[in-house]
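Input: a single structure, listed below in structure tokens.
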There are 6 protein chains.
Amino acid sequence: MMLCIGDVFDKQEAAAIRREVESLDFVDGRVTAGWAARLVKDNEQADADNNQLKALRARIAERILENELFHAAVRPKALTPLMISRYKPGKQYGTHIDDALMGGLRTDVSFTLFLAEPESYEGGALVVESAAGEQEFKLAAGSMIVYPSTALHRVEAVAKGERLAAVGWARSFIRGSEQREILFDLENARRDIFDLHGKTPVFDLLSKCSANLLRMWAND
Amino acid sequence: MMLCIGDVFDKQEAAAIRREVESLDFVDGRVTAGWAARLVKDNEQADADNNQLKALRARIAERILENELFHAAVRPKALTPLMISRYKPGKQYGTHIDDALMGGLRTDVSFTLFLAEPESYEGGALVVESAAGEQEFKLAAGSMIVYPSTALHRVEAVAKGERLAAVGWARSFIRGSEQREILFDLENARRDIFDLHGKTPVFDLLSKCSANLLRMWAND
Amino acid sequence: MMLCIGDVFDKQEAAAIRREVESLDFVDGRVTAGWAARLVKDNEQADADNNQLKALRARIAERILENELFHAAVRPKALTPLMISRYKPGKQYGTHIDDALMGGLRTDVSFTLFLAEPESYEGGALVVESAAGEQEFKLAAGSMIVYPSTALHRVEAVAKGERLAAVGWARSFIRGSEQREILFDLENARRDIFDLHGKTPVFDLLSKCSANLLRMWAND
Amino acid sequence: MMLCIGDVFDKQEAAAIRREVESLDFVDGRVTAGWAARLVKDNEQADADNNQLKALRARIAERILENELFHAAVRPKALTPLMISRYKPGKQYGTHIDDALMGGLRTDVSFTLFLAEPESYEGGALVVESAAGEQEFKLAAGSMIVYPSTALHRVEAVAKGERLAAVGWARSFIRGSEQREILFDLENARRDIFDLHGKTPVFDLLSKCSANLLRMWAND
Amino acid sequence: MMLCIGDVFDKQEAAAIRREVESLDFVDGRVTAGWAARLVKDNEQADADNNQLKALRARIAERILENELFHAAVRPKALTPLMISRYKPGKQYGTHIDDALMGGLRTDVSFTLFLAEPESYEGGALVVESAAGEQEFKLAAGSMIVYPSTALHRVEAVAKGERLAAVGWARSFIRGSEQREILFDLENARRDIFDLHGKTPVFDLLSKCSANLLRMWAND
Amino acid sequence: MMLCIGDVFDKQEAAAIRREVESLDFVDGRVTAGWAARLVKDNEQADADNNQLKALRARIAERILENELFHAAVRPKALTPLMISRYKPGKQYGTHIDDALMGGLRTDVSFTLFLAEPESYEGGALVVESAAGEQEFKLAAGSMIVYPSTALHRVEAVAKGERLAAVGWARSFIRGSEQREILFDLENARRDIFDLHGKTPVFDLLSKCSANLLRMWAND
């Protein structure tokens, strides 16, 4: 299940993050890539040793984890440390698959939180590849695309301007994307019924189904 | 999930079946038991070669398969051939577990359709054993107890009168009883919502959940 | 995994099928819909009792099953009987989910083989809905869209002309779409390696992986 | 698998715990309930911030985890923090399902350790609901009912006296209740054989089965 | 789990089969091999169209299916049609993996029933490859090696004499070899206990475990 | 999948470890055995309280975890604390199965790192039992045998000299041995292709398959 989540940060907040990021040191992005991804990764990342970055990462992660739509769709148990990536003109990240384990954590869901306004740079779309074709994403600053880590994907070369984004991965309580989708649909139905009709016997039945599917599938 | 289903046949129909059964030949019940069950099975069964029995069995099976509650709770793919069993005074069936495969068919759910009125015989209760204790069932003629085939169970000795029942097994499309219960609850919720509010978006979401869980779990 | 398969039939063959279909009787499409889908299904279908239709269906099914791309992506065990559906102006099929079991057969994969040229009718796109948005498909006559049966979808109202299509479902040997995709990718890699380098030890390893994953996952 | 475990504490110990509990502060039980359960929860709980409570909880948890029957039936990996709940006259807890994740821990098994003698209060039974009907539990002080967290359940209103209990949840190494039951039966058989006949080849075979099923199913 | 089963046929029976096979027509073995196996298969097979062969195959299959050890270890649902293969000097079958589906049937277990006495030919061993090394099998006429179909394997070139064997595959009720092994061990333990001590409560517990594991795992 | 890994330590390193071990205190090996294994365990182990042992254990564990073949075949998440075991003449360890959980950690894979040269002692082979027969392992000092923890096994009595070994267990990210084997084969194929042909589209497909299988199966 792919999902675009708007306004994780509003425009002012995104601009403030951009200003803060400007003062960070950036290093070659290949330092955090696996041996195969290293061959096609050609971007920059904020230096992970920086204390200011750690605080910024924590703030972004907190906001993502508080987002209700993210929570319902992803059921996150934990996030990997976020990376702030920068693509200057000519930079790109070729087709690759993300590692399945990062620091011992399974990566079920990938996300990119766009930090630069799309009209401020040319190129730089995130392209998710599949047998049915490709899907391109280039969202407003502060918005986020969430997609299964199971897809080959790439970031197209930036032609002009600067692409800035926070990228990361979630370890979900729920391993499979089909299971996550069922829980997402069921939870949405259950909430709607509660809002419309209150705690009826139908609501109790759906609460039971939802809790027991979570029990059946959760890796805690 | 255990379930009592009332009035699969009404009292007149049950009486008519009893009369029909009286004209059948009965043989020692051990002929259809596995090597271990044979040691504790001490009852009689209508002779399976009889053509009249075949017609009767088909009629009972058809009625069971048409029962909406049975269908929703069991999701039957097929039934094993029904057995008409008779316990005269002193007869019983000691503690045993039913074979997991009968004629190549997995037995997921067991059922007993009582054919004699409970006040017409003493003893003869079906006793389902579990770690939490025992549950006894002795239902009205025409009513049926449905229980997972995973439990040790027995039929207590008949002290007076005659216990008559049709017993059989269902191969469910859904192997696990926890999964069957979720589908049962979800289907009940979905029907209720349809009856109350029609084909709303919530109804569509629940239809999608229900169909996709069935897809995920069905052994067809 | 969604997949567009071009040229299942070429333009001449598609035109010949259209001519043949014109001579068939059509009936209200609701006759084959489940109780919930019936509320939103508003199209026509070729009458299933017709012998000419049976022959046509068999010919189309055979062609689909011979298609190498379909075979590699779907791993079909069986197809449900195909339906020839017709949408005249004003006709449509509202949002619904396909039944998970049809005639006792699990429906894993849905497909629509377009029979009318897209420029010959207005509207009538197949729309597959998801949390990430909607995808529209309106392919050339003779081409086919294959998609998981797990998605809510609809056929938009036809505004002008006539939409003609063969629709059906496949029971795959492989229940899950993630598993089917892995087998598809692995088989493609294995064939490429064979074409480039022959039966090397690497080829043997991939053959072993591919066969053993199929063994692990196949419902035969 | 439901299970009543007698004498987790003996009568003297239970009385001592009751006296200790009397000195604790109690707060509204809704503070620890999920948003839906809050609507039907109407009881009191010992204030979790209290250090004396923490010591008491640890002592009760230790005793439960040392109980051999609990260990064999539940295979606990961890317990959630215990709650000491009190129902004065008029108090109750309506039908609800327990959350599947509590503090990131999957709740597989629920338990209630009764602390008040059943004759000291009226009402207050724990009622576990199922399609087959309801089961009521109101045990001696010091005894415990263990049941799958997958069931809807309630605590009936107390009419007179005071119901006092420790309630909690276990994260089992074994997710499914059918699997836990098989391991329970197999371990019981294995121990019996050892006691009767010692370390025979049959004992080795059963030890191998038991260890390998645990390996196959354990979420550690 | 690999298993050698001695004396499926005794020496006289094996000799009789050899004489019967001599009168059959043989064809190039590649006719029944998949596209990849064909590259390394270089042997002969009895012509499958022959009616005499059909009768012989049925006789051999019946004997195999009646073998108690085979039944307990393999839990066969069906066998593929047996092939009578012959390797004259210089003939061999290079490293390959068996197809996972043959005629729509999953191949879980492979077997070779040796028909020629091992001293009557040089070379011709069945070699099963694994990461831990290779295992060679060249059994007495009438004996059978049973091995998981998941292994790469080969038949070494025959240097002198003639290797004659019946080979085939079983679709097991139980997909995984670890599961089959647990059922095998448990069934052996259960039978031993019955033989030693009769139908005790321990026997009932093991019967329940065995039946319920079969229920949990059987693909019928 | 069983695997012999040569030269985890070279001869000099193994000799240095032996000298270091000589200065350790040894205690009765039964202190760390489960209640059933205790009956057949008759060896000695280095005293776990010793700080020198802790450092030695850490060094050996580090070397094992750095071994590429071990990593690819086992996919270790964690190792249990290693034991240094010593068998003097007459000592042995009878047939047993290893506990499935040790200190809350699932034991998927067992290993024995031989520390004494095989010609320096008589007897003392590790024997892994199976239905197909037994396999004996007595490797060079510094070499290691890795085998699934699911097998019954024993250490034969030492007749002369002294058997010295480090034994331990790995909790794999991948529970099942069939899954580990597929990942092992696929990773080997992927590396070979990269070495021969670089980062081609086939390499990307295999990287995707490998990462997604790991995602599908990993218990992190």
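Chain labels A, B, ... are given in the sequence in which chains occur in the structure tokens; within each chain residues are numbered consecutively from 1, and ligands are likewise numbered from 1 in the order shown.
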
Which of chain E DSSP labels strand (DSSP E), written as a compact mmCIF listing (two decimals) with C-alpha atoms, in the first residue's frame:
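Writing the result to out.txt gives the following:
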# COMPACT_ATOMS: atom_id res chain seq x y z
CA LEU E 3 15.19 -42.74 4.30
CA CYS E 4 16.29 -46.07 2.90
CA ILE E 5 13.49 -48.63 2.80
CA PHE E 26 12.64 -47.88 -24.29
CA VAL E 27 12.81 -44.33 -25.56
CA ASP E 28 15.08 -41.35 -25.00
CA LYS E 41 19.55 -36.03 -18.91
CA ASP E 42 21.03 -38.84 -20.92
CA GLU E 44 16.39 -44.23 -21.48
CA GLN E 45 12.86 -44.77 -20.21
CA ALA E 46 10.25 -47.41 -20.85
CA PRO E 76 1.48 -39.63 0.48
CA LYS E 77 -1.63 -38.16 -1.07
CA ALA E 78 -0.74 -39.26 -4.59
CA LEU E 79 2.16 -40.49 -6.70
CA MET E 83 9.11 -44.05 -14.76
CA ILE E 84 11.22 -47.13 -15.47
CA SER E 85 14.64 -45.77 -16.33
CA ARG E 86 17.61 -47.60 -17.80
CA TYR E 87 21.22 -46.49 -17.93
CA GLN E 92 24.11 -40.56 -16.88
CA TYR E 93 21.89 -37.77 -15.57
CA GLY E 94 23.77 -34.59 -14.67
CA THR E 95 23.08 -32.30 -11.72
CA HIS E 96 19.52 -30.98 -11.73
CA LEU E 101 4.89 -29.21 -10.25
CA MET E 102 4.39 -32.24 -12.50
CA LEU E 105 0.88 -32.08 -8.75
CA ARG E 106 3.38 -30.73 -6.25
CA VAL E 109 9.33 -36.31 -2.06
CA SER E 110 11.43 -38.12 -4.67
CA PHE E 111 12.18 -41.82 -4.65
CA THR E 112 14.26 -44.31 -6.54
CA LEU E 113 13.45 -48.00 -6.33
CA PHE E 114 16.53 -49.90 -7.44
CA GLU E 122 29.56 -50.18 -12.20
CA GLY E 123 28.88 -46.50 -11.50
CA LEU E 126 22.39 -41.62 -7.11
CA VAL E 127 24.28 -38.67 -5.63
CA VAL E 128 22.39 -36.16 -3.50
CA GLU E 129 24.27 -32.88 -3.21
CA SER E 130 24.22 -30.48 -0.29
CA GLY E 133 28.88 -32.57 0.89
CA GLU E 134 27.44 -35.39 -1.16
CA GLN E 135 25.68 -38.61 -0.23
CA GLU E 136 25.78 -41.61 -2.55
CA PHE E 137 23.08 -44.26 -2.77
CA MET E 144 14.21 -47.74 -2.21
CA ILE E 145 15.77 -44.41 -1.31
CA VAL E 146 13.32 -41.65 -0.42
CA TYR E 147 14.58 -38.05 -0.31
CA PRO E 148 13.18 -34.52 -0.32
CA HIS E 153 21.10 -34.50 -7.38
CA ARG E 154 22.53 -36.57 -10.23
CA VAL E 155 23.02 -40.12 -11.42
CA VAL E 158 27.37 -46.17 -15.66
CA ALA E 159 30.70 -47.73 -16.54
CA LYS E 160 29.66 -51.33 -17.01
CA ARG E 163 21.31 -49.69 -14.07
CA LEU E 164 17.56 -50.27 -13.90
CA ALA E 165 15.29 -48.35 -11.54
CA ALA E 166 11.75 -47.12 -11.01
CA VAL E 167 11.67 -43.46 -10.11
CA GLY E 168 8.80 -41.26 -9.06
CA TRP E 169 7.52 -38.50 -6.84
CA ALA E 170 4.99 -38.24 -4.08
CA ARG E 171 2.66 -35.38 -3.32
CA SER E 172 2.56 -35.49 0.44

For chain F against chain C, with a cut-off of 9 Å and counting only C-alpha atoms, what is the closest atom pair and its distance in Å to one decimal for every residue that makes the cut, ordered by chain and number, as a tab-separated table?
residue	atom	partner	partner_atom	distance
F:Glu178	CA	C:Asn212	CA	8.7
F:Gln179	CA	C:Leu213	CA	8.8
F:Glu181	CA	C:Cys209	CA	8.7
F:Ile182	CA	C:Cys209	CA	5.6
F:Leu183	CA	C:Cys209	CA	8.3
F:Asp185	CA	C:Leu205	CA	5.9
F:Leu186	CA	C:Leu206	CA	6.6
F:Asn188	CA	C:Val202	CA	8.1
F:Ala189	CA	C:Val202	CA	5.2
F:Arg190	CA	C:Val202	CA	8.4
F:Asp192	CA	C:Val202	CA	7.3
F:Ile193	CA	C:Val202	CA	7.8
F:Pro201	CA	C:Ala189	CA	8.5
F:Val202	CA	C:Ala189	CA	5.2
F:Phe203	CA	C:Ala189	CA	8.0
F:Leu205	CA	C:Asp185	CA	5.9
F:Leu206	CA	C:Leu186	CA	6.6
F:Lys208	CA	C:Ile182	CA	8.2
F:Cys209	CA	C:Ile182	CA	5.6
F:Ser210	CA	C:Ile182	CA	8.9
F:Asn212	CA	C:Ile182	CA	7.7
F:Leu213	CA	C:Ile182	CA	7.9

Response to the item:
From the list C:Glu20, C:Glu156, C:Glu66, C:Glu162, the nearest residue to Glu119 in chain C using only C-alpha atoms is C:Glu162

Discussion item. Report as a list in words all protein, DNA and RNA residues lying within 9 Å of Asp98 in chain C, evaluated on only C-alpha atoms, omitting residues in the same chain fewer than 4 positions from it.
Written reply: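 Counting only the stated atoms, we get Lys208 and Ala211 of chain B; Ala33, Gly34, Ala37, Thr107, Ser110, Ser149, Thr150, Ala151, Leu152 and His153 of chain C.
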
Take the residues that were just selected and, keeping C-alpha atoms, output them as a short mmCIF file (atom, residue, chain, number, x, y, z; two decimals), in the first residue's frame.
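Result went into again07.cif, see below:
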data_model
loop_
_atom_site.label_atom_id
_atom_site.label_comp_id
_atom_site.auth_asym_id
_atom_site.auth_seq_id
_atom_site.Cartn_x
_atom_site.Cartn_y
_atom_site.Cartn_z
CA LYS B 208 -13.14 -5.85 0.97
CA ALA B 211 -13.21 -11.08 0.83
CA ALA C 33 -23.13 -11.16 -9.27
CA GLY C 34 -23.11 -11.76 -5.50
CA ALA C 37 -22.23 -6.50 -6.14
CA THR C 107 -10.00 -15.96 -7.16
CA SER C 110 -8.60 -10.69 -11.98
CA SER C 149 -8.44 -9.55 -6.94
CA THR C 150 -7.87 -7.84 -3.60
CA ALA C 151 -8.58 -4.29 -4.84
CA LEU C 152 -11.84 -2.37 -4.88
CA HIS C 153 -12.52 -1.40 -8.48
#

Worksheet item: Between CA of Gly104 in chain B and CA of Ala61 in chain E, what is the distance, to one decimal in Å?
Response: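 Computed distance, CA of Gly104 in chain B to CA of Ala61 in chain E, equals 17.6 Å.
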
Practice prompt. Rank nothing, just name the residue among E:Pro81, E:Val74, E:Gly176, E:Ala132 nearest to Gly6 in chain F, using only C-alpha atoms.
Written response: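 Closest residue, counting only C-alpha atoms: E:Ala132.
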
Discussion item. Which residues are near range 7-16 of chain D? Cut-off 6 Å, only C-alpha atoms, ignore same chain within fewer than 5 positions. Put them as a PyMOL selection string.
Written reply: chain D and resi 115+142-143

Export of the given selection (all heavy atoms) as an mmCIF file, in the first residue's frame:
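The result, written out as result-v7.cif:
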data_model
loop_
_atom_site.group_PDB
_atom_site.id
_atom_site.type_symbol
_atom_site.label_atom_id
_atom_site.label_comp_id
_atom_site.auth_asym_id
_atom_site.auth_seq_id
_atom_site.Cartn_x
_atom_site.Cartn_y
_atom_site.Cartn_z
ATOM 1 N N LEU D 115 -8.851 -12.280 44.480
ATOM 2 C CA LEU D 115 -8.258 -11.998 45.796
ATOM 3 C C LEU D 115 -9.289 -12.004 46.919
ATOM 4 O O LEU D 115 -8.932 -12.157 48.082
ATOM 5 C CB LEU D 115 -7.505 -10.660 45.762
ATOM 6 C CG LEU D 115 -6.247 -10.661 44.886
ATOM 7 C CD1 LEU D 115 -5.665 -9.263 44.759
ATOM 8 C CD2 LEU D 115 -5.196 -11.617 45.464
ATOM 9 N N GLY D 142 -7.108 -16.477 45.723
ATOM 10 C CA GLY D 142 -5.841 -17.150 45.500
ATOM 11 C C GLY D 142 -5.832 -18.020 44.263
ATOM 12 O O GLY D 142 -4.783 -18.506 43.848
ATOM 13 N N SER D 143 -7.002 -18.209 43.652
ATOM 14 C CA SER D 143 -7.080 -19.010 42.426
ATOM 15 C C SER D 143 -7.167 -18.088 41.210
ATOM 16 O O SER D 143 -7.527 -16.923 41.316
ATOM 17 C CB SER D 143 -8.290 -19.940 42.471
ATOM 18 O OG SER D 143 -8.084 -20.946 43.439
#

Worksheet item: Got a sec: who's within 8 Å of range 23-25 of chain C, counting only C-alpha atoms, leaving out chain neighbours fewer than 3 positions off, as a PyMOL selection string?
Response: chain C and resi 19-20+46-47+50+52-53
